[in-house]
Every structure is written in C-alpha cells, then in structure tokens.
Amino acid sequence: MDCKLCGLCIHSEPSCIWGSGNNHADIMIISSYAGDEDEEKGEATMSPTLLKYLDQYGIDSSQVYYTNAIKCRTPRGIKFKVGDIKKCKAYLDQEIEQVSPKFILIIGAQAMKATLDQPLTSTLGTTIEKNHIKYVPTYSPGIIFRDPGKAEFVDQAFRNFANLINGIEVKLPELNIKVLTTKGQIKKALNHIKKKGYKALSYDIESTGLNRFEDKITLLGFGNKQVQYIIPLEVRFSPLRGKLLAQKELVRYAVKGLNKDTETLIAGNGKFDNLFLKEHFKIKPQLDFDIILASHILDENTPNGVKENAVKECNAPNWDVDLKLKQGNVETREDYEKYLTYLGYDIYFEYSLYEIFEERIKGDPSLHKLYYHLYMPGIRAYEDIEERGVYVYPRKFKRARKKLEKALGKVERKLNRYKKGVNWSSPAQVAEFLYEDLKLPIIETTDTGNPSTGESTLLQLRDKHKAVELILEYRGIKIQISHFIDGWINRMHKGRLFPHFKLHGTVTGRTSCTDPNLQQVPRDPTIRGLLGAPEGYTFVEADFSQAELRIATILSGDTTMKRIYQTGGDIHTETYELVTHETISDDPKIRKEQRKKAKAINFGFLYGMGWKKFKDYARDSYGVKLTDREAKEYRINFFKAYHSLPDWHKKQRKVVKALGQVRNPIGRIRRLPDIYSSDEGKVAEAERQSINSPVQGFGSDLTILAMVEVSGHANVYHRKLQLDRSKFYTVGTVHDATLFEVRNDYLIEFISKAKKVMEAPRALSKVFKYEAPIPMIVDFTIGKFWGDGAIELDFEGGKWKRQVEEYLALQN
DNA sequence: AAAAAATGCGCC
DNA sequence: AAAGGGCGCATTTTTT
C-alpha cells in the first residue's frame with residue numbers, strides 16, 4: 001500500500017504500518033502514531049510499558065489487536081496537523097470494521113481525535129459507547145516516565161477498561177433524593193440536617209442556560225453523600241413551576257437556613273450558582289469551599305471541573321446527561337426523574353470531592369493559607385464584581401463607532417487604489433497581494449507554511465511599500481470595531497457589561513476574563529473611555545507600579561535593582577544609563593525616547609531574551625530600531641548591571657529540575673512536569689516558565705490580596721483602614737490593577753485608605769508572614785471615564801489631594 | 001450549514 | 001549557548 005495523502009510518509013520506511021495481533025479480537029488498542037519500533041518490525045508493536053500495564057490489569061495481550069491511528073512513523077519534533085490524523089482515519093476505520101472489537105482502549109490525544117473526535121483530557125478513563133463498541137481513552141502509559149503525576153490517570157483508565165472487559169460495571173452510587181416543595185418539608189430537612197450533625201453540605205443549581213439575566217433556575221439542591229434535597233423550580237412536572245412568589249419564598253427560606261446552620265457550604269463553581277440565585281431570588285449562600293478552585297490550587301495543569309475530578313478521584317463513571325436535558329428540557333416523567341438524579345450526583349460528588357480536596361489542601365500549609373485567604377475571599381469579591389458589572393457610556397459609543405468607521409473607510413479606499421476587490425481582513429488575500437502582486441520578500445511563514453502577514457512581518461516590510469502600513473492600520477481599526485464596539489453591544493445589559501472572571505483561569509495564578517474580556521481593552525481612549533463611572537461616581541484605577549520588575553527584583557535579590565527601588569529611583573532611567581553608558585537627557589522629548597528604549601531593554605531582557613529576538617521586540621513593541629551590535633551590547637551590559645538576574649534564572653532552572661515544580665514567595669506552586677520530557681523544546685519551555693510563572697503568579701496574588709482587603713472580603717484587615725462598602729464598588733481587575741467606581745463624596749477618603757491597604761495587605765504580613773524587601777507602590781488614576789482624560793495622581797508631597805479636589809470641582 | 005482550525009491581535 | 005510568559009475574541013478558511 002502506498003498512501004501519500006498526508007505527507008508524513010516521507011519520514012517513514014516502510015510507510016503505512018498496519019496493526020498486529022488477533023484479527024478477530026474482542027479487544028482493540030489504538031495508539032496515536034507509529035514509532036521507531038513499529039517501523040523496525042513493519043507492524044504496530046506494543047511498547048514494554050503498555051505490555052506491563054496490560055499484564056498488571058489481567059488483560060491477555062495475545063488476545064488483543066493493536067494498531068496506530070497514524071500509520072506512518074512520526075519523528076519527534078514533527079508536528080502533524082489535525083488534517084493528517086483525519087486523512088489516516090479511513091484506514092483505521094477499515095481495521096476497526098474488520099476486527100469488529102467490543103472494547104477499544106484509546107491511547108493518546110491523536111488516537112482520540114481519530115476515533116471519537118473528542119478532547120482527551122476531559123474524557124480520560126471514562127467509558128464512551130458508540131456503535132455498540134465501548135471505548136476508554138487514556139494517556140499513553142509512557143507518560144509516567146516524563147510526568148509521574150499522570151500515573152493515577154493511567155491507572156484509573158486501565159482499571160476501568162479491565163473492569164469493562166470482565167463485565168464488572170462500575171456503578172454510580174445509590175442516591176437518596178428527597179424532593180422539597182413546601183416550607184414544612186424544607187423545615188423538616190433542615191432539622192434532619194441539624195439532628196444528624198452534618199457540618200458541611202454541598203449545594204448546586206440547574207438552569208436553562210448560562211446567562212443569569214435570560215435563563216431560569218430549574219432546580220436547587222443541597223446535601224451530602226447520605227441525602228440530597230432538591231427544590232424543583234422552573235421546570236416541567238415541578239409543582240412550583242410558574243409560581244414565582246412561592247419559589248422565592250421557599251428558596252430564601254432554605255438558603256437562610258443553610259447560611260445560619262451550616263458551617264461549610266460547598267459548591268462546584270459557586271460564583272455561578274450564587275449570581276443566579278442573587279439575580280432571581282435576591283439571596284445567596286455563603287460559599288465556603290469551591291471545588292473548581294480547590295482543584296486548581298492542587299493542580300493547575302489538569303481540568304478543574306467537578307466531573308473530570310470525580311472520574312479521577314472517586315472513580316465515578318461519567319453521569320453527564322445530554323445538553324437538552326441539562327438545560328431543563330424535560331418532556332416526560334422519566335426525563336424529570338433523570339434530571340433530578342443528575343443534580344443528585346452533582347451534589348453527591350461535590351461533597352465527595354470536598355472531603356478529598358480539603359484533606360489534601362490541609363496537608364500543605366502554604367496551599368491551605370492560599371486557599372482560605374486568597375482563593376475563597378477572592379471568589380466572593382469577584383462575585384460582587386460580577387454582580388455590579390461595568391458602566392458603559394452608550395452615547396460616546398455611537399460617536400466612537402462613527403469615527404472608527406470613517407477612518408476604516410478612508411484606509412480601505414486608499415488600499416483599494418492598489419488593488420480592487422480584496423478583502424483586507426483575509427490573510428490569504430493580503431498574502432497574495434503582498435507576495436505575488438508586489439513581490440515583497442517572504443520573511444516569515446505561519447505554522448502551516450503559508451507566508452505570514454502578521455504584524456511583526458509587516459513591520460519589517462513597512463519601508464518596502466506604502467500599502468503595508470495601511471494594512472496594519474486597517475486591521476487595527478477593524479478589530480476595534482468588531483471586538484469592542486459590536487462585541488460589547490452584543491453583550492450589553494441595562495447599560496452595563498458583565499465580564500466573568502476566572503480565578504482558576506491560568507496556570508500561573510493570574511485570572512482570566514471573558515464575555516467580554518475586560519483585561520484586553522485597548523488603551524486607546526476612544527475605546528477605553530467608553531467605560532467609566534455613572535453619575536455621582538468616579539472611575540478609579542489602582543495599579544501596582546512596575547509590578548513585574550519589582551517582583552523580579554525581589555525574587556532575584558539583585559542589589560542594584562533593590563537599591564534603585566529602595567531609594568525611590570526610576571528603574572528605566574537607571575537602566576538607560578547603565579546599559580547605554582549615556583546620561584539621560586533633560587529635554588523631555590529626547591528623554592521620552594530614551595525611556596522607551598529603556599523599557600524595551602528592561603522588559604525584554606528580564607526573562608533572558610536573546611539579542612536577536614530583542615532587536616525585533618524593541619522594534620515591534622516600542623518602535624525602537626537597533627543595530628545588531630547595539631542589541632548585543634545592550635544585552636551584555638544589562639546583565640552586567642543587574643548581575644543577579646542570570647544567577648536567579650540559573651537557580652530557577654535548578655529548582656525545577658530537582659523538584660519538577662517551583663513556588664512563589666507565598667507558596668503558590670507551578671508544576672512543570674515537562675521539565676522531565678525527552679523533548680528538548682518542552683524542557684526549555686518549562687525552564688522559562690519556572691522563571692516567569694513565580695513573577696506572574698506573585699503579581700497576581702498581590703493584586704488579589706489587595707483587592708480582597710479593599711473590597712471588604714478579607715479574613716484579616718487593617719481595622720483603622722476599613723472602607724465603607726456602601727460608598728464604592730470594585731468592578732474588575734487587570735492582572736496588576738484594580739478598577740473601582742467610587743462615590744464622589746468618598747473619593748478622597750477612599751484613595752487615602754485604599755493606597756495604604758493595597759501597598760501592604762494585612763494577610764500578606766499576618767497570614768503569609770511575608771515582608772517585601774522593597775516598597776510595592778500603588779498608583780491611582782481617576783476620571784469620569786477609564787483611560788480617557790483621566791488624571792494620574794501625584795503622591796509626592798500630598799499634591800494628590802489638590803488634584804482630586806480640582807477634579808471634583810469640575811464635576812459639579 | 002455548522003463546526004473546527006488557522007490566523008491575527010488586543011491586554012498585562 | 002540560547003531562551004520572555006500568560007490569556008480571549010473575531011474573522012477567514014477548511015473540513016465535515
């Protein structure tokens with residue numbers, strides 16, 4: 001056979017390597033792609049590790065048919081595309097049909113893509129039935145050598161697979177669901193809980209969708225492993241359906257009771273449930289333990305959802321129901337029962353996971369502190385943030401759109417003079433124009449080998465043709481309109497935007513933000529200024545000054561950098577002088593350019609960028625043009641000036657190699673199993689992450705601790721500096737900045753107190769026992785709008801108060 | 001027609 | 001010796 005569909009065959013001799021073993025086996029195992037061994041033997045060959053696992057779980061390997069999803073040997077470092085997998089799929093399908101197995105073990109993401117076309121991480125170890133075949137997906141057993149932490153996933157999957165073959169069904173636990181539809185029944189339930197002495201309970205809701213303003217709550221449940229109480233609400237067969245007043249009364253009664261008598265209220269993703277309950281019934285449970293957050297602090301690399309964790313930790317079969325039922329589309333009595341049962345399992349496993357995770361968190365004192373002084377107070381603060389949303393100025397909106405559309409039209413007309421009929425948003429058409437019509441040189445290609453038209457490429461072609469600049473301009477404007485004008489209009493509700501924050505959104509500990517992402521709003525005042533504070537309030541941004549540079553200073557302990565920060569010096573000025581050996585100019589215009597250069601140097605070299613990349617980086621991000629010699633010289637001088645930085649980089653690499661993980665100063669863990677990979681690229685990436693993650697993560701931790709204390713959610717706080725929560729709202733965070741709406745008559749007091757609190761959150765010193773060796777400074781910017789005509793406050797000599805007073809005088 | 005991948009770019 | 005990192009969203013293009 002001689003298949004040339006995907007091009008991987010050039011690496012493989014022979015190519016198209018078929019499976020081996022019993023041609024009519026009940027059991028089939030599909031690995032991802034052929035390796036050296038398969039090539040040598042000319043047929044798919046099980047690895048010793050796989051054989052060991054099969055043996056361990058009592059599966060007779062001679063009774064197995066074994067094959068690969070991709071039938072050509074694929075050397076390390078060669079990236080195959082999804083298309084390659086699918087091209088090979090026809091042959092795999094043929095094999096499956098011939099062998100006609102009852103059970104298939106799927107090994108690896110590519111095999112998963114080819115067989116079931118689902119993501120691997122969220123289905124690991126579960127049983128999936130399709131066309132009368134039972135599939136179990138797993139990581140490759142070989143993964144345990146590179147990442148021992150994944151061994152339990154592999155074990156779980158093999159155990160499940162062996163059970164399946166032996167006809168042992170892993171059953172879902174017995175539930176004990178009690179439906180509550182009257183106040184009397186709820187009262188009895190609460191009494192029963194009290195009598196039994198249940199200190200912790202999980203709770204959960206089901207809803208018709210994810211939008212709390214449009215969707216309805218169908219069920220509210222609470223309980224543990226012994227009993228699951230469910231109040232049916234807006235769903236067919238619920239006696240309370242349509243009776244909104246009765247629903248409200250019952251839900252409020254139940255939640256009040258839970259808040260009063262339960263020590264620990266647990267939820268899977270409590271912020272979601274609480275925002276729904278608050279919106280619909282004006283009440284919410286006091287969330288004490290959140291599974292998704294516990295999962296994240298215990299392992300930031302794996303999926304954090306309740307289901308994935310239950311499968312992994314409790315050996316639970318997946319209890320998911322189809323999306324229609326999950327959204328409350330109940331048609332029959334059976335559907336209704338199934339729906340209640342579904343929620344019952346949620347409650348059961350949320351409680352089970354609480355027991356497991358709580359114990360595990362307790363085992364690590366730092367994680368324990370982080371969980372109860374950062375994550376949990378943090379999620380409650382974000383609950384408030386999301387409830388409030390961000391105020392939008394609809395009238396400025398229309399003006400901005402007009403302005404941008406006019407600018408876009410102008411650029412487009414200019415571009416059309418060079419070539420008509422081009423869609424300037426299309427990378428393919430732009431590439432054709434640049435590289436075929438204009439014959440510009442192809443400098444970079446995309447991942448798929450097409451000529452790149454990305455920004456960094458275009459910046460290098462800027463001088464070659466006038467159209468290049470216009471294309472960049474066109475794309476910039478287009479993005480502003482589509483992401484931030486249209487995108488926001490689609491998401492607006494009652495004159496506000498309601499971004500969602502994920503405290504578990506990144507591997508480093510930063511938050512992520514969606515719908516819309518408040519953390520990627522352009523700095524251009526046309527867009528940023530669409531957001532602001534409503535009448536009578538002022539929009540306040542409080543951001544840690546040079547957070548990453550200061551934290552790198554702390555982590556590296558570099559004496560020169562420390563001195564600069566301790567003496568209140570300006571790092572960019574000093575870097576400029578130390579690295580270029582020129583003194584900074586008095587002329588503000590020249591000084592501005594010099595500082596720009598210094599910023600490129602600081603941010604570029606901080607994490608060890610090479611001179612070549614630095615040269616591009618300085619040009620692309622700061623518009624600073626350098627010669628090769630300058631770039632090299634600056635790099636050498638930079639590390640001479642701040643000589644501890646390379647030592648710190650070295651130390652991080654050493655630590656991660658020894659432990660497989662690094663921690664930031666307050667104990668947050670970044671696990672980097674790839675450091676043990678046989679792929680050099682992955683190892684290098686893990687090394688870089690071991691340097692960067694603690695900086696990023698600590699910056700985020702500081703912001704959250706500061707935001708939590710200002711917002712009034714901290715467990716410990718400066719009594720004298722406590723703020724009046726009725727006079728301001730926290731509306732968001734942007735990595736090292738926090739955004740507020742502050743009532744005008746409270747503005748001065750707010751800034752004065754918030755600055756002190758944020759620069760030294762109480763939890764940092766009292767709980768984490770951490771004292772920063774250099775000051776962490778918080779800058780304040782105030783205005784009617786965000787970033788449009790806003791005033792940067794100058795705290796030198798108390799000038800800021802006069803600035804605020806002058807600003808306030810103009811407001812009336 | 002709908003879903004997924006590829007491309008590009010906004011922020012810190 | 002050489003090496004920044006972390007996200008989410010919209011549009012076009014390809015695949016099913």
# chains A, B, ... in the order shown; residues from 1 in each chain; ligands from 1
>>> interface_residues(of="chain A", to="chain C", cutoff="10 Å", atoms="only C-alpha atoms (C1' of nucleotides)", output="PyMOL selection string")
chain A and resi 83+86+423+425-428+478-479+482-484+487+505-520+603-611+613-614+684-685+687-693+695-697+735
>>> interface_residues(of="chain B", to="chain A", cutoff="7 Å", atoms="only C-alpha atoms (C1' of nucleotides)", output="PyMOL selection string")
chain B and resi 7-8+10-12
>>> write_last_selection(atoms="all heavy atoms", output="compact mmCIF listing (two decimals), in the first residue's frame")
# COMPACT_ATOMS: atom_id res chain seq x y z
P DT B 7 -2.20 29.08 9.38
OP1 DT B 7 -1.75 29.15 7.98
OP2 DT B 7 -1.35 28.48 10.43
O5' DT B 7 -2.60 30.54 9.85
C5' DT B 7 -3.37 31.34 8.95
C4' DT B 7 -3.77 32.62 9.64
O4' DT B 7 -4.69 32.34 10.70
C3' DT B 7 -2.63 33.40 10.27
O3' DT B 7 -2.42 34.53 9.45
C2' DT B 7 -3.13 33.76 11.68
C1' DT B 7 -4.61 33.44 11.59
N1 DT B 7 -5.27 33.02 12.86
C2 DT B 7 -6.40 33.68 13.26
O2 DT B 7 -6.88 34.62 12.63
N3 DT B 7 -6.96 33.23 14.42
C4 DT B 7 -6.49 32.18 15.20
O4 DT B 7 -7.09 31.87 16.22
C5 DT B 7 -5.31 31.52 14.72
C7 DT B 7 -4.73 30.38 15.49
C6 DT B 7 -4.75 31.97 13.58
P DG B 8 -1.22 35.51 9.73
OP1 DG B 8 -0.97 36.16 8.44
OP2 DG B 8 -0.13 34.84 10.47
O5' DG B 8 -1.87 36.59 10.71
C5' DG B 8 -3.06 37.27 10.31
C4' DG B 8 -3.61 37.98 11.52
O4' DG B 8 -4.17 37.01 12.43
C3' DG B 8 -2.54 38.73 12.34
O3' DG B 8 -2.81 40.11 12.30
C2' DG B 8 -2.68 38.17 13.75
C1' DG B 8 -4.06 37.54 13.72
N9 DG B 8 -4.25 36.51 14.71
C8 DG B 8 -3.43 35.43 14.98
N7 DG B 8 -3.85 34.70 15.97
C5 DG B 8 -5.02 35.33 16.38
C6 DG B 8 -5.92 35.01 17.43
O6 DG B 8 -5.85 34.07 18.23
N1 DG B 8 -6.97 35.92 17.49
C2 DG B 8 -7.14 36.99 16.67
N2 DG B 8 -8.20 37.76 16.88
N3 DG B 8 -6.31 37.31 15.69
C4 DG B 8 -5.27 36.44 15.61
P DG B 10 -3.58 45.11 17.84
OP1 DG B 10 -4.16 46.14 16.97
OP2 DG B 10 -2.12 44.94 17.94
O5' DG B 10 -4.14 45.30 19.32
C5' DG B 10 -5.46 45.78 19.54
C4' DG B 10 -5.98 45.25 20.86
O4' DG B 10 -6.23 43.83 20.73
C3' DG B 10 -4.98 45.34 22.00
O3' DG B 10 -5.04 46.63 22.60
C2' DG B 10 -5.53 44.30 22.95
C1' DG B 10 -5.98 43.21 21.98
N9 DG B 10 -4.97 42.17 21.79
C8 DG B 10 -3.93 42.16 20.90
N7 DG B 10 -3.19 41.09 20.98
C5 DG B 10 -3.78 40.36 21.99
C6 DG B 10 -3.41 39.10 22.55
O6 DG B 10 -2.47 38.35 22.23
N1 DG B 10 -4.27 38.72 23.58
C2 DG B 10 -5.33 39.47 24.01
N2 DG B 10 -6.04 38.95 25.01
N3 DG B 10 -5.69 40.63 23.50
C4 DG B 10 -4.86 41.01 22.51
P DC B 11 -3.78 47.21 23.35
OP1 DC B 11 -4.09 48.60 23.62
OP2 DC B 11 -2.56 46.83 22.64
O5' DC B 11 -3.79 46.40 24.72
C5' DC B 11 -4.86 46.62 25.64
C4' DC B 11 -4.79 45.61 26.75
O4' DC B 11 -4.77 44.29 26.20
C3' DC B 11 -3.50 45.68 27.56
O3' DC B 11 -3.68 46.61 28.62
C2' DC B 11 -3.37 44.28 28.11
C1' DC B 11 -4.06 43.42 27.07
N1 DC B 11 -3.13 42.60 26.25
C2 DC B 11 -2.84 41.29 26.67
O2 DC B 11 -3.37 40.87 27.69
N3 DC B 11 -2.00 40.54 25.94
C4 DC B 11 -1.43 41.05 24.83
N4 DC B 11 -0.60 40.26 24.14
C5 DC B 11 -1.70 42.38 24.39
C6 DC B 11 -2.55 43.12 25.13
P DC B 12 -2.41 47.19 29.41
OP1 DC B 12 -2.92 48.25 30.28
OP2 DC B 12 -1.35 47.47 28.43
O5' DC B 12 -1.93 45.97 30.30
C5' DC B 12 -2.77 45.53 31.38
C4' DC B 12 -2.12 44.35 32.05
O4' DC B 12 -1.88 43.32 31.08
C3' DC B 12 -0.76 44.70 32.65
O3' DC B 12 -0.73 44.30 34.00
C2' DC B 12 0.25 43.90 31.87
C1' DC B 12 -0.58 42.79 31.27
N1 DC B 12 -0.05 42.38 29.95
C2 DC B 12 0.47 41.08 29.81
O2 DC B 12 0.44 40.31 30.78
N3 DC B 12 1.00 40.72 28.63
C4 DC B 12 1.02 41.57 27.61
N4 DC B 12 1.55 41.16 26.46
C5 DC B 12 0.49 42.89 27.72
C6 DC B 12 -0.03 43.25 28.90
>>> select_by_dssp(residues="stretch 280-409 of chain A", states="strand (DSSP E)", output="PyMOL selection string")
chain A and resi 289-290+390-392
>>> select_by_dssp(residues="stretch 117-226 of chain A", states="alpha helix (DSSP H)", output="ChimeraX atom specification")
/A:143-146,151-165,183-196
>>> atom_distance(atom1="atom CA of A:Lys784", atom2="atom CA of A:Arg595")
29.0 Å
>>> residues_around(residues="A:Ile133", least_positions_apart="4", cutoff="10 Å", atoms="only C-alpha atoms (C1' of nucleotides)", output="ChimeraX atom specification")
/A:26-27,96,100-104,127-129
>>> residues_around(residues="A:Gly789", least_positions_apart="4", cutoff="9 Å", atoms="only C-alpha atoms (C1' of nucleotides)", output="list of chain:residue names")
A:Pro525, A:Gly529, A:Ile782, A:Gly783, A:Lys784, A:Phe785
>>> write_last_selection(atoms="C-alpha atoms", output="CSV table (one decimal), in the first residue's frame")
chain,number,residue,atom,x,y,z
A,525,PRO,CA,-9.1,56.4,24.8
A,529,GLY,CA,-13.1,55.8,27.5
A,782,ILE,CA,-9.1,58.9,38.4
A,783,GLY,CA,-11.7,60.2,36.0
A,784,LYS,CA,-15.2,60.1,34.7
A,785,PHE,CA,-14.0,57.5,32.1
